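S.K.: As input, take start-v9.cif (mmCIF, C-alpha atoms and all ligand atoms):
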```cif
data_target
#
loop_
_atom_site.group_PDB
_atom_site.id
_atom_site.type_symbol
_atom_site.label_atom_id
_atom_site.label_comp_id
_atom_site.auth_asym_id
_atom_site.auth_seq_id
_atom_site.Cartn_x
_atom_site.Cartn_y
_atom_site.Cartn_z
ATOM 1 C CA MET A 1366 -23.889 -12.519 -5.339
ATOM 2 C CA LEU A 1367 -20.193 -12.156 -6.134
ATOM 3 C CA TYR A 1368 -18.036 -13.045 -3.115
ATOM 4 C CA LEU A 1369 -14.487 -11.687 -2.787
ATOM 5 C CA CYS A 1370 -12.953 -14.421 -0.736
ATOM 6 C CA ALA A 1371 -9.588 -14.106 1.055
ATOM 7 C CA THR A 1372 -7.251 -17.106 1.140
ATOM 8 C CA PRO A 1373 -4.060 -17.590 3.213
ATOM 9 C CA ILE A 1374 -0.796 -15.863 2.174
ATOM 10 C CA GLY A 1375 1.299 -18.774 3.401
ATOM 11 C CA ASN A 1376 -0.152 -20.328 6.513
ATOM 12 C CA LEU A 1377 -3.208 -22.502 5.836
ATOM 13 C CA GLU A 1378 -4.463 -21.880 9.375
ATOM 14 C CA ASP A 1379 -5.299 -18.341 8.255
ATOM 15 C CA MET A 1380 -8.217 -19.646 6.194
ATOM 16 C CA THR A 1381 -11.411 -18.459 7.903
ATOM 17 C CA PHE A 1382 -14.403 -20.668 8.766
ATOM 18 C CA ARG A 1383 -16.558 -18.367 6.704
ATOM 19 C CA ALA A 1384 -14.289 -18.619 3.658
ATOM 20 C CA VAL A 1385 -14.510 -22.429 3.798
ATOM 21 C CA ARG A 1386 -18.300 -22.334 4.068
ATOM 22 C CA ILE A 1387 -18.741 -19.798 1.245
ATOM 23 C CA LEU A 1388 -16.360 -21.670 -1.059
ATOM 24 C CA ARG A 1389 -18.386 -24.839 -0.420
ATOM 25 C CA GLU A 1390 -21.734 -23.150 -0.983
ATOM 26 C CA VAL A 1391 -21.133 -21.082 -4.133
ATOM 27 C CA ASP A 1392 -21.873 -22.494 -7.599
ATOM 28 C CA LEU A 1393 -18.502 -21.527 -9.056
ATOM 29 C CA ILE A 1394 -15.061 -20.361 -7.906
ATOM 30 C CA ALA A 1395 -13.083 -18.039 -10.193
ATOM 31 C CA ALA A 1396 -9.371 -18.499 -9.463
ATOM 32 C CA GLU A 1397 -6.220 -16.809 -10.739
ATOM 33 C CA ASP A 1398 -4.247 -20.055 -10.638
ATOM 34 C CA THR A 1399 -6.542 -23.092 -10.674
ATOM 35 C CA ARG A 1400 -3.741 -25.548 -9.800
ATOM 36 C CA ARG A 1401 -2.815 -23.638 -6.681
ATOM 37 C CA THR A 1402 -6.424 -23.089 -5.666
ATOM 38 C CA ARG A 1403 -7.278 -26.751 -6.254
ATOM 39 C CA LYS A 1404 -4.646 -27.712 -3.659
ATOM 40 C CA LEU A 1405 -6.229 -25.311 -1.175
ATOM 41 C CA LEU A 1406 -9.708 -26.657 -1.916
ATOM 42 C CA THR A 1407 -8.549 -30.254 -1.519
ATOM 43 C CA HIS A 1408 -6.991 -29.393 1.853
ATOM 44 C CA PHE A 1409 -10.328 -28.012 3.078
ATOM 45 C CA ASP A 1410 -12.418 -30.710 1.427
ATOM 46 C CA ILE A 1411 -14.164 -28.259 -0.916
ATOM 47 C CA HIS A 1412 -15.524 -29.673 -4.199
ATOM 48 C CA THR A 1413 -16.968 -26.602 -5.938
ATOM 49 C CA PRO A 1414 -16.213 -26.291 -9.709
ATOM 50 C CA LEU A 1415 -13.352 -23.953 -10.620
ATOM 51 C CA ILE A 1416 -12.867 -21.606 -13.560
ATOM 52 C CA ARG A 1417 -9.601 -19.917 -14.493
ATOM 53 C CA PHE A 1418 -9.726 -16.144 -14.289
ATOM 54 C CA ASP A 1419 -6.352 -14.491 -14.872
ATOM 55 C CA GLU A 1420 -4.824 -11.542 -16.740
ATOM 56 C CA ASN A 1421 -4.732 -13.450 -20.055
ATOM 57 C CA CYS A 1422 -8.285 -14.724 -20.161
ATOM 58 C CA LYS A 1423 -10.116 -12.192 -18.018
ATOM 59 C CA ALA A 1424 -11.967 -10.466 -20.875
ATOM 60 C CA THR A 1425 -13.662 -13.628 -22.154
ATOM 61 C CA VAL A 1426 -14.115 -15.370 -18.819
ATOM 62 C CA ALA A 1427 -15.577 -12.289 -17.123
ATOM 63 C CA GLU A 1428 -18.524 -12.402 -19.535
ATOM 64 C CA LYS A 1429 -19.174 -16.090 -18.729
ATOM 65 C CA ILE A 1430 -19.068 -15.364 -15.002
ATOM 66 C CA LEU A 1431 -21.420 -12.408 -15.375
ATOM 67 C CA GLN A 1432 -23.903 -14.560 -17.323
ATOM 68 C CA ARG A 1433 -24.020 -17.051 -14.482
ATOM 69 C CA LEU A 1434 -24.370 -14.296 -11.898
ATOM 70 C CA ARG A 1435 -27.228 -12.746 -13.891
ATOM 71 C CA ALA A 1436 -28.894 -16.158 -13.998
ATOM 72 C CA GLY A 1437 -28.981 -16.099 -10.171
ATOM 73 C CA GLU A 1438 -25.939 -18.253 -9.402
ATOM 74 C CA SER A 1439 -23.340 -17.248 -6.832
ATOM 75 C CA VAL A 1440 -19.639 -16.991 -7.608
ATOM 76 C CA ALA A 1441 -16.570 -16.566 -5.370
ATOM 77 C CA VAL A 1442 -13.361 -14.970 -6.653
ATOM 78 C CA VAL A 1443 -10.090 -15.995 -5.052
ATOM 79 C CA SER A 1444 -6.592 -14.773 -5.839
ATOM 80 C CA ASP A 1445 -3.353 -16.777 -5.607
ATOM 81 C CA ALA A 1446 -3.064 -15.624 -2.024
ATOM 82 C CA GLY A 1447 -4.601 -13.015 0.228
ATOM 83 C CA LEU A 1448 -7.381 -10.651 -0.729
ATOM 84 C CA PRO A 1449 -8.702 -10.831 -4.281
ATOM 85 C CA ALA A 1450 -8.811 -7.510 -6.165
ATOM 86 C CA ILE A 1451 -5.559 -6.384 -4.512
ATOM 87 C CA CYS A 1452 -2.996 -6.507 -7.332
ATOM 88 C CA ASP A 1453 -4.921 -9.170 -9.253
ATOM 89 C CA PRO A 1454 -7.607 -9.304 -11.997
ATOM 90 C CA GLY A 1455 -10.404 -9.677 -9.407
ATOM 91 C CA ALA A 1456 -10.708 -5.879 -9.353
ATOM 92 C CA ASP A 1457 -11.952 -5.863 -12.978
ATOM 93 C CA LEU A 1458 -14.608 -8.430 -12.189
ATOM 94 C CA VAL A 1459 -15.838 -6.363 -9.239
ATOM 95 C CA ARG A 1460 -16.291 -3.308 -11.465
ATOM 96 C CA LEU A 1461 -18.127 -5.327 -14.120
ATOM 97 C CA ALA A 1462 -20.396 -6.914 -11.500
ATOM 98 C CA ILE A 1463 -21.251 -3.541 -9.950
ATOM 99 C CA ASP A 1464 -22.018 -2.105 -13.405
ATOM 100 C CA ALA A 1465 -24.308 -5.093 -14.052
ATOM 101 C CA GLY A 1466 -26.188 -4.420 -10.795
ATOM 102 C CA ILE A 1467 -24.850 -7.559 -9.070
ATOM 103 C CA ASP A 1468 -24.153 -7.440 -5.321
ATOM 104 C CA VAL A 1469 -20.580 -7.950 -4.122
ATOM 105 C CA CYS A 1470 -19.665 -9.249 -0.687
ATOM 106 C CA PRO A 1471 -16.247 -9.352 1.042
ATOM 107 C CA ILE A 1472 -15.058 -12.440 2.902
ATOM 108 C CA PRO A 1473 -12.086 -10.836 4.715
ATOM 109 C CA GLY A 1474 -8.875 -12.530 5.717
ATOM 110 C CA ALA A 1475 -5.111 -12.515 5.179
ATOM 111 C CA ASN A 1476 -3.457 -9.688 3.272
ATOM 112 C CA ALA A 1477 0.284 -9.148 2.857
ATOM 113 C CA ALA A 1478 0.285 -5.324 2.864
ATOM 114 C CA LEU A 1479 -1.643 -4.854 6.092
ATOM 115 C CA SER A 1480 0.142 -7.721 7.842
ATOM 116 C CA ALA A 1481 3.463 -6.013 7.033
ATOM 117 C CA LEU A 1482 2.208 -2.581 8.052
ATOM 118 C CA ILE A 1483 0.942 -3.600 11.484
ATOM 119 C CA CYS A 1484 4.302 -5.206 12.337
ATOM 120 C CA SER A 1485 6.393 -2.399 10.816
ATOM 121 C CA GLY A 1486 6.388 -0.116 13.845
ATOM 122 C CA LEU A 1487 5.885 2.786 11.416
ATOM 123 C CA ASP A 1488 2.923 5.165 11.463
ATOM 124 C CA THR A 1489 -0.258 3.142 10.905
ATOM 125 C CA THR A 1490 -2.664 6.079 11.254
ATOM 126 C CA LYS A 1491 -2.122 7.166 7.653
ATOM 127 C CA PHE A 1492 -0.759 4.898 4.953
ATOM 128 C CA LEU A 1493 -0.734 4.622 1.199
ATOM 129 C CA PHE A 1494 -0.768 1.275 -0.586
ATOM 130 C CA ALA A 1495 1.256 1.616 -3.784
ATOM 131 C CA GLY A 1496 1.337 -2.085 -4.770
ATOM 132 C CA PHE A 1497 3.848 -2.992 -7.488
ATOM 133 C CA ALA A 1498 5.670 0.015 -8.947
ATOM 134 C CA PRO A 1499 5.436 0.259 -12.781
ATOM 135 C CA LYS A 1500 7.869 -1.925 -14.748
ATOM 136 C CA THR A 1501 9.279 0.769 -17.054
ATOM 137 C CA LYS A 1502 11.979 2.935 -15.512
ATOM 138 C CA LYS A 1503 10.407 6.214 -16.648
ATOM 139 C CA ASN A 1504 6.963 5.426 -15.221
ATOM 140 C CA ARG A 1505 8.501 4.069 -12.025
ATOM 141 C CA ARG A 1506 10.572 7.212 -11.574
ATOM 142 C CA GLU A 1507 7.511 9.402 -12.155
ATOM 143 C CA LEU A 1508 5.504 7.495 -9.554
ATOM 144 C CA LEU A 1509 8.307 7.606 -6.982
ATOM 145 C CA GLU A 1510 8.755 11.336 -7.490
ATOM 146 C CA GLU A 1511 5.035 11.809 -6.953
ATOM 147 C CA LEU A 1512 5.172 9.702 -3.788
ATOM 148 C CA SER A 1513 8.308 11.358 -2.416
ATOM 149 C CA THR A 1514 6.359 14.141 -0.689
ATOM 150 C CA VAL A 1515 3.671 11.885 0.802
ATOM 151 C CA LYS A 1516 3.664 12.104 4.597
ATOM 152 C CA ALA A 1517 1.826 8.828 5.107
ATOM 153 C CA THR A 1518 3.617 5.479 5.406
ATOM 154 C CA ILE A 1519 3.952 3.871 1.945
ATOM 155 C CA ILE A 1520 3.577 0.159 1.197
ATOM 156 C CA PHE A 1521 5.004 -1.530 -1.914
ATOM 157 C CA TYR A 1522 5.019 -5.069 -3.256
ATOM 158 C CA GLU A 1523 8.085 -6.188 -5.208
ATOM 159 C CA ALA A 1524 9.434 -9.426 -6.653
ATOM 160 C CA PRO A 1525 12.634 -10.690 -4.950
ATOM 161 C CA HIS A 1526 14.828 -10.419 -8.081
ATOM 162 C CA ARG A 1527 13.955 -6.728 -8.466
ATOM 163 C CA LEU A 1528 14.073 -5.854 -4.770
ATOM 164 C CA LYS A 1529 17.633 -4.508 -4.484
ATOM 165 C CA ASP A 1530 17.358 -2.325 -7.583
ATOM 166 C CA PHE A 1531 14.022 -1.028 -6.394
ATOM 167 C CA LEU A 1532 15.419 -0.129 -2.962
ATOM 168 C CA ALA A 1533 18.292 1.684 -4.686
ATOM 169 C CA GLU A 1534 15.795 3.717 -6.725
ATOM 170 C CA LEU A 1535 13.857 4.475 -3.551
ATOM 171 C CA VAL A 1536 16.982 5.959 -1.879
ATOM 172 C CA GLU A 1537 17.728 7.988 -4.988
ATOM 173 C CA VAL A 1538 14.290 9.571 -5.071
ATOM 174 C CA PHE A 1539 13.169 9.499 -1.404
ATOM 175 C CA GLY A 1540 16.566 10.029 0.230
ATOM 176 C CA GLU A 1541 17.580 8.032 3.305
ATOM 177 C CA ARG A 1542 14.486 6.894 5.222
ATOM 178 C CA VAL A 1543 13.524 4.222 7.688
ATOM 179 C CA ALA A 1544 11.939 1.168 6.048
ATOM 180 C CA VAL A 1545 10.896 -2.358 6.906
ATOM 181 C CA LEU A 1546 11.124 -5.420 4.665
ATOM 182 C CA ALA A 1547 8.507 -7.989 5.634
ATOM 183 C CA ARG A 1548 9.566 -11.311 4.196
ATOM 184 C CA GLU A 1549 7.650 -14.590 3.878
ATOM 185 C CA LEU A 1550 4.795 -13.404 6.090
ATOM 186 C CA THR A 1551 2.969 -16.146 8.005
ATOM 187 C CA LYS A 1552 5.439 -18.773 6.657
ATOM 188 C CA VAL A 1553 8.207 -20.708 8.406
ATOM 189 C CA HIS A 1554 10.885 -18.183 7.420
ATOM 190 C CA GLU A 1555 8.912 -15.068 8.279
ATOM 191 C CA GLU A 1556 11.282 -12.197 8.982
ATOM 192 C CA PHE A 1557 11.258 -8.416 9.433
ATOM 193 C CA LEU A 1558 14.333 -6.445 8.371
ATOM 194 C CA ARG A 1559 14.366 -2.948 9.787
ATOM 195 C CA GLY A 1560 16.739 -0.079 9.021
ATOM 196 C CA THR A 1561 17.284 2.807 6.658
ATOM 197 C CA LEU A 1562 16.881 2.071 2.955
ATOM 198 C CA GLY A 1563 20.675 2.181 2.517
ATOM 199 C CA GLU A 1564 21.284 -0.204 5.423
ATOM 200 C CA LEU A 1565 18.715 -2.637 4.064
ATOM 201 C CA ILE A 1566 20.394 -2.700 0.647
ATOM 202 C CA GLU A 1567 23.704 -3.549 2.309
ATOM 203 C CA ARG A 1568 22.179 -6.271 4.445
ATOM 204 C CA LEU A 1569 20.320 -7.988 1.604
ATOM 205 C CA ASP A 1570 22.423 -10.623 -0.031
ATOM 206 C CA GLU A 1571 20.341 -12.583 -2.486
ATOM 207 C CA PRO A 1572 16.729 -11.804 -1.621
ATOM 208 C CA ARG A 1573 14.550 -14.922 -1.647
ATOM 209 C CA GLY A 1574 10.848 -15.370 -0.992
ATOM 210 C CA GLU A 1575 8.048 -12.834 -1.001
ATOM 211 C CA PHE A 1576 8.509 -9.288 0.238
ATOM 212 C CA VAL A 1577 6.474 -6.301 1.277
ATOM 213 C CA ILE A 1578 8.338 -3.000 1.588
ATOM 214 C CA VAL A 1579 7.036 -0.501 4.119
ATOM 215 C CA VAL A 1580 8.648 2.956 3.969
ATOM 216 C CA GLU A 1581 8.149 5.820 6.382
ATOM 217 C CA GLY A 1582 6.494 8.922 4.960
ATOM 218 C CA ASN A 1583 8.245 12.202 4.223
ATOM 219 C CA HIS A 1584 8.647 13.921 7.574
ATOM 220 C CA THR A 1585 11.082 16.625 6.530
ATOM 221 C CA THR A 1586 9.891 20.214 6.774
ATOM 222 C CA PRO A 1587 9.958 22.002 3.435
ATOM 223 C CA PRO A 1588 12.814 24.536 3.181
ATOM 224 C CA ILE A 1589 12.044 27.970 4.547
ATOM 225 C CA GLU A 1590 12.143 30.388 1.660
ATOM 226 C CA ASP A 1591 10.528 33.386 3.355
ATOM 227 C CA THR A 1592 12.020 35.771 5.898
ATOM 228 C CA PRO A 1593 10.042 35.879 9.166
ATOM 229 C CA LEU A 1594 8.559 39.209 8.141
ATOM 230 C CA ASP A 1595 7.383 37.894 4.741
ATOM 231 C CA PHE A 1596 5.938 34.818 6.396
ATOM 232 C CA TYR A 1597 4.144 36.905 9.052
ATOM 233 C CA ARG A 1598 2.664 39.216 6.392
ATOM 234 C CA LYS A 1599 1.481 36.282 4.321
ATOM 235 C CA LEU A 1600 -0.366 34.939 7.345
ATOM 236 C CA LEU A 1601 -2.017 38.333 7.897
ATOM 237 C CA GLU A 1602 -3.057 38.352 4.234
ATOM 238 C CA GLN A 1603 -4.542 34.883 4.738
ATOM 239 C CA GLY A 1604 -6.780 36.384 7.439
ATOM 240 C CA LEU A 1605 -4.966 35.363 10.645
ATOM 241 C CA ASP A 1606 -5.029 37.927 13.452
ATOM 242 C CA LYS A 1607 -1.703 39.475 14.553
ATOM 243 C CA LYS A 1608 -1.367 37.372 17.693
ATOM 244 C CA LEU A 1609 -1.898 34.071 15.902
ATOM 245 C CA ALA A 1610 0.300 35.110 12.967
ATOM 246 C CA MET A 1611 3.066 35.968 15.432
ATOM 247 C CA ARG A 1612 2.719 32.626 17.188
ATOM 248 C CA GLU A 1613 2.780 30.674 13.896
ATOM 249 C CA THR A 1614 5.795 32.670 12.687
ATOM 250 C CA ALA A 1615 7.665 31.940 15.931
ATOM 251 C CA LYS A 1616 6.840 28.258 15.610
ATOM 252 C CA ARG A 1617 7.840 28.101 11.929
ATOM 253 C CA PHE A 1618 11.229 29.743 12.522
ATOM 254 C CA ASN A 1619 11.772 27.984 15.844
ATOM 255 C CA VAL A 1620 12.428 31.178 17.812
ATOM 256 C CA SER A 1621 10.657 32.982 20.652
ATOM 257 C CA ARG A 1622 7.798 35.345 19.974
ATOM 258 C CA ARG A 1623 9.829 38.154 21.538
ATOM 259 C CA ASP A 1624 12.627 37.593 18.977
ATOM 260 C CA ILE A 1625 10.117 37.681 16.155
ATOM 261 C CA TYR A 1626 8.518 40.800 17.582
ATOM 262 C CA ASN A 1627 11.889 42.546 17.754
ATOM 263 C CA THR A 1628 12.794 41.458 14.206
ATOM 264 C CA LEU A 1629 9.475 42.688 12.923
ATOM 265 C CA LEU A 1630 9.885 46.011 14.713
ATOM 266 C CA LYS A 1631 13.394 46.449 13.361
ATOM 267 C CA GLU A 1632 12.475 45.488 9.790
ATOM 268 C CA ASP A 1633 9.366 47.674 9.907
ATOM 269 C CA THR A 1634 11.340 50.715 10.964
ATOM 270 C CA GLN A 1635 14.123 50.267 8.385
HETATM 271 N N1 LIG A 1701 -3.680 -10.388 -3.100
HETATM 272 C C1 LIG A 1701 -2.482 -10.435 -2.293
HETATM 273 C C2 LIG A 1701 -2.712 -9.764 -0.925
HETATM 274 O O1 LIG A 1701 -3.838 -9.567 -0.520
HETATM 275 O O2 LIG A 1701 -1.740 -9.471 -0.240
HETATM 276 C C3 LIG A 1701 -1.306 -9.848 -3.010
HETATM 277 C C4 LIG A 1701 -1.008 -10.494 -4.322
HETATM 278 S S1 LIG A 1701 0.332 -9.825 -5.178
HETATM 279 C C5 LIG A 1701 0.068 -10.519 -6.764
HETATM 280 C C6 LIG A 1701 1.693 -10.750 -4.622
HETATM 281 C C7 LIG A 1701 2.679 -9.910 -3.820
HETATM 282 O O3 LIG A 1701 2.202 -9.767 -2.488
HETATM 283 C C8 LIG A 1701 4.054 -10.551 -3.670
HETATM 284 O O4 LIG A 1701 4.894 -10.234 -4.777
HETATM 285 C C9 LIG A 1701 4.569 -9.929 -2.389
HETATM 286 O O5 LIG A 1701 5.069 -8.634 -2.634
HETATM 287 C C10 LIG A 1701 3.272 -9.828 -1.572
HETATM 288 N N2 LIG A 1701 3.089 -11.035 -0.747
HETATM 289 C C11 LIG A 1701 2.161 -12.009 -0.913
HETATM 290 N N3 LIG A 1701 2.302 -12.944 0.039
HETATM 291 C C12 LIG A 1701 3.323 -12.558 0.826
HETATM 292 C C13 LIG A 1701 3.956 -13.104 1.991
HETATM 293 N N4 LIG A 1701 3.565 -14.248 2.520
HETATM 294 N N5 LIG A 1701 4.990 -12.412 2.547
HETATM 295 C C14 LIG A 1701 5.404 -11.249 2.017
HETATM 296 N N6 LIG A 1701 4.850 -10.697 0.926
HETATM 297 C C15 LIG A 1701 3.838 -11.328 0.336
#
```
Here is the file; what I need is its structure written in the form of structure tokens.
M.R.:
Amino acid sequence: MLYLCATPIGNLEDMTFRAVRILREVDLIAAEDTRRTRKLLTHFDIHTPLIRFDENCKATVAEKILQRLRAGESVAVVSDAGLPAICDPGADLVRLAIDAGIDVCPIPGANAALSALICSGLDTTKFLFAGFAPKTKKNRRELLEELSTVKATIIFYEAPHRLKDFLAELVEVFGERVAVLARELTKVHEEFLRGTLGELIERLDEPRGEFVIVVEGNHTTPPIEDTPLDFYRKLLEQGLDKKLAMRETAKRFNVSRRDIYNTLLKEDTQ
């Protein structure tokens, strides 16, 4: 079994009882940063052997881990903080394990994106996790343009030294929107900054600590290119009956059905 084991994102009290038990019971723990994880393990009196599994060594180490899993041992993957496989190499190991027919099991717990979202006050019914935007300007711009029409709330991760520039790019592509910066979640200096993207840029002096950016989705109505008559006819072509097409046309152009009816009559008789 390969366990995907959550660890705290700042506050050690967020470690779950189950995570402690699983980390004690497995044969091996694969950790992104063994020094950091060792401190966590010491705190919880866990003495399971550790192996480093990060971006640089993942190709070679993954094979070693898979060998042990195939031999019937159990392994837990932990990331630096939060849920493994969210913006860390754990995701690759999960895919390899599944391909090798090995069972994977989540040990849920803290996660920065969802913790920020639930405190954002923005729409939580539909959201899109975008993680870290690409590093190169061209790729970042392409992604932001793609995301600019998304109606769901969007969640980004960003390093503090890039935060202001990233917010500026967001305003450029998304336009002015409400956003929330969730800083240092679960830590002593936890803070939520709320405002429009432009306001947030002005309020940020020298961003320090870890940030999640939650941005409201695109709620603007696309520009109306059709005349009411064109729109009404299109709806008829799409199979709507006259009554429904009239109602939708009235709604779309924010006028009464009588007005629409009169316009249609007039245009039809011209
Ligand atoms: N696996 C982690 C999770 O489940 O949230 C995310 C790891 S990702 C490499 C690190 C990024 O997550 C940081 O750059 C920051 O954007 C966000 N993050 C992690 N801990 C945070 C915290 N305590 N407060 C705010 N953001 C945090």
S.K.: Near segment 1493-1504 of chain A, within 8 Å and counting only C-alpha atoms, which residues show up once chain neighbours fewer than 2 positions away are dropped, as a ChimeraX atom specification?
M.R.: /A:1452,1478,1491,1506-1508,1517-1523
S.K.: Could the residues that lie within 6 Å of ligand LIG 1701 (chain A), counting all atoms listed in the file, be listed as a PyMOL selection string?
M.R.: chain A and resi 1374-1375+1444+1446-1449+1451-1453+1476-1478+1522-1524+1547-1551+1575-1577
S.K.: Evaluate the PyMOL selection byres (((chain A and resi 1540-1543) around 6) and not hetatm) against this structure - the residues, as a list in words, please.
M.R.: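 For this structure, the PyMOL selection byres (((chain A and resi 1540-1543) around 6) and not hetatm) captures Val1536, Glu1537, Val1538, Phe1539, Ala1544, Gly1560, Thr1561, Leu1562 and Glu1581 of chain A.
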S.K.: Could you give me, as a VMD selection string, the residues within 7 Å of Pro1414 of chain A, counting all atoms listed in the file and dropping anything in the same chain fewer than 2 positions from it?
M.R.: chain A and resid 1393 to 1394 1412 1416
S.K.: As a check of understanding, name the residues that the PyMOL selection byres (((chain A and resi 1592) around 12) and not hetatm) selects in the supplied structure, as JSON, numbers by chain.
M.R.: {"A": [1588, 1589, 1590, 1591, 1593, 1594, 1595, 1596, 1597, 1598, 1599, 1614, 1615, 1617, 1618, 1625, 1628, 1629, 1632]}
S.K.: Starting from the shown file, work through the PyMOL selection byres (((chain A and resi 1405) around 12) and not hetatm) and note down what comes out as a PyMOL selection string.
M.R.: chain A and resi 1371-1380+1384-1385+1388+1396+1398-1404+1406-1413+1415+1443-1446
S.K.: I'd like to know which of A:Thr1585, A:Ser1485, A:Ser1513, A:Asn1619 is closest to Glu1556 of chain A, using only C-alpha atoms.
M.R.: A:Ser1485
S.K.: As an exercise, work out the distance from atom CA of Arg1417 of chain A to atom CA of Glu1397 of chain A in Å and give it to one decimal place.
M.R.: 5.9 Å
S.K.: Just give me the gap between atom CA of Ala1533 of chain A and atom CA of Ile1483 of chain A in Å, one decimal is fine.
M.R.: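 Atom-to-atom, atom CA of Ala1533 of chain A and atom CA of Ile1483 of chain A are spaced 24.3 Å apart.
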S.K.: Between A:Glu1567, A:Asp1468, A:Asp1392, A:Asp1624, which residue has the minimum interatomic distance to Leu1532 of chain A, considering all atoms listed in the file?
M.R.: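 With all atoms listed in the file as the atom set, the closest residue is A:Glu1567.
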S.K.: What gap, in Å, lies between atom CA of Ile1387 of chain A and atom CA of Lys1552 of chain A?
M.R.: 24.8 Å
S.K.: Can you work out which one of A:Phe1418, A:Phe1382, A:Phe1531, A:Phe1557 has the shortest atom-to-atom distance to Arg1505 of chain A, counting only C-alpha atoms?
M.R.: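 When distances to Arg1505 of chain A are compared using only C-alpha atoms, the smallest one comes from A:Phe1531.
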S.K.: List every protein, DNA or RNA residue with an atom no more than 12 Å from (-12.3, -4.7, -5.7) in the file's coordinates, counting all atoms listed in the file, and format the result as a PyMOL selection string.
M.R.: chain A and resi 1367-1371+1442-1444+1448-1463+1469-1472
S.K.: My list of candidates is A:Leu1512, A:Ile1566, A:Leu1601, A:Met1611. Which is closest to Asn1583 of chain A when distances are computed with all atoms listed in the file?
M.R.: A:Leu1512
S.K.: Provide an axis-aligned box for all listed atoms of segment 1574-1583 of chain A, padding each side by 4 Å; report its centre and its edge lengths in Å to one decimal, as AutoDock Vina command-line options.
M.R.:
```
--center_x 8.7 --center_y -1.6 --center_z 2.7 --size_x 12.4 --size_y 35.6 --size_z 15.4
```
S.K.: Looking at A:Ser1480, A:Asp1488, A:Asp1570, A:Gly1604, which one is nearest to Glu1555 of chain A, with distances taken over all atoms listed in the file?
M.R.: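 Among the listed residues, A:Ser1480 lies closest to Glu1555 of chain A.
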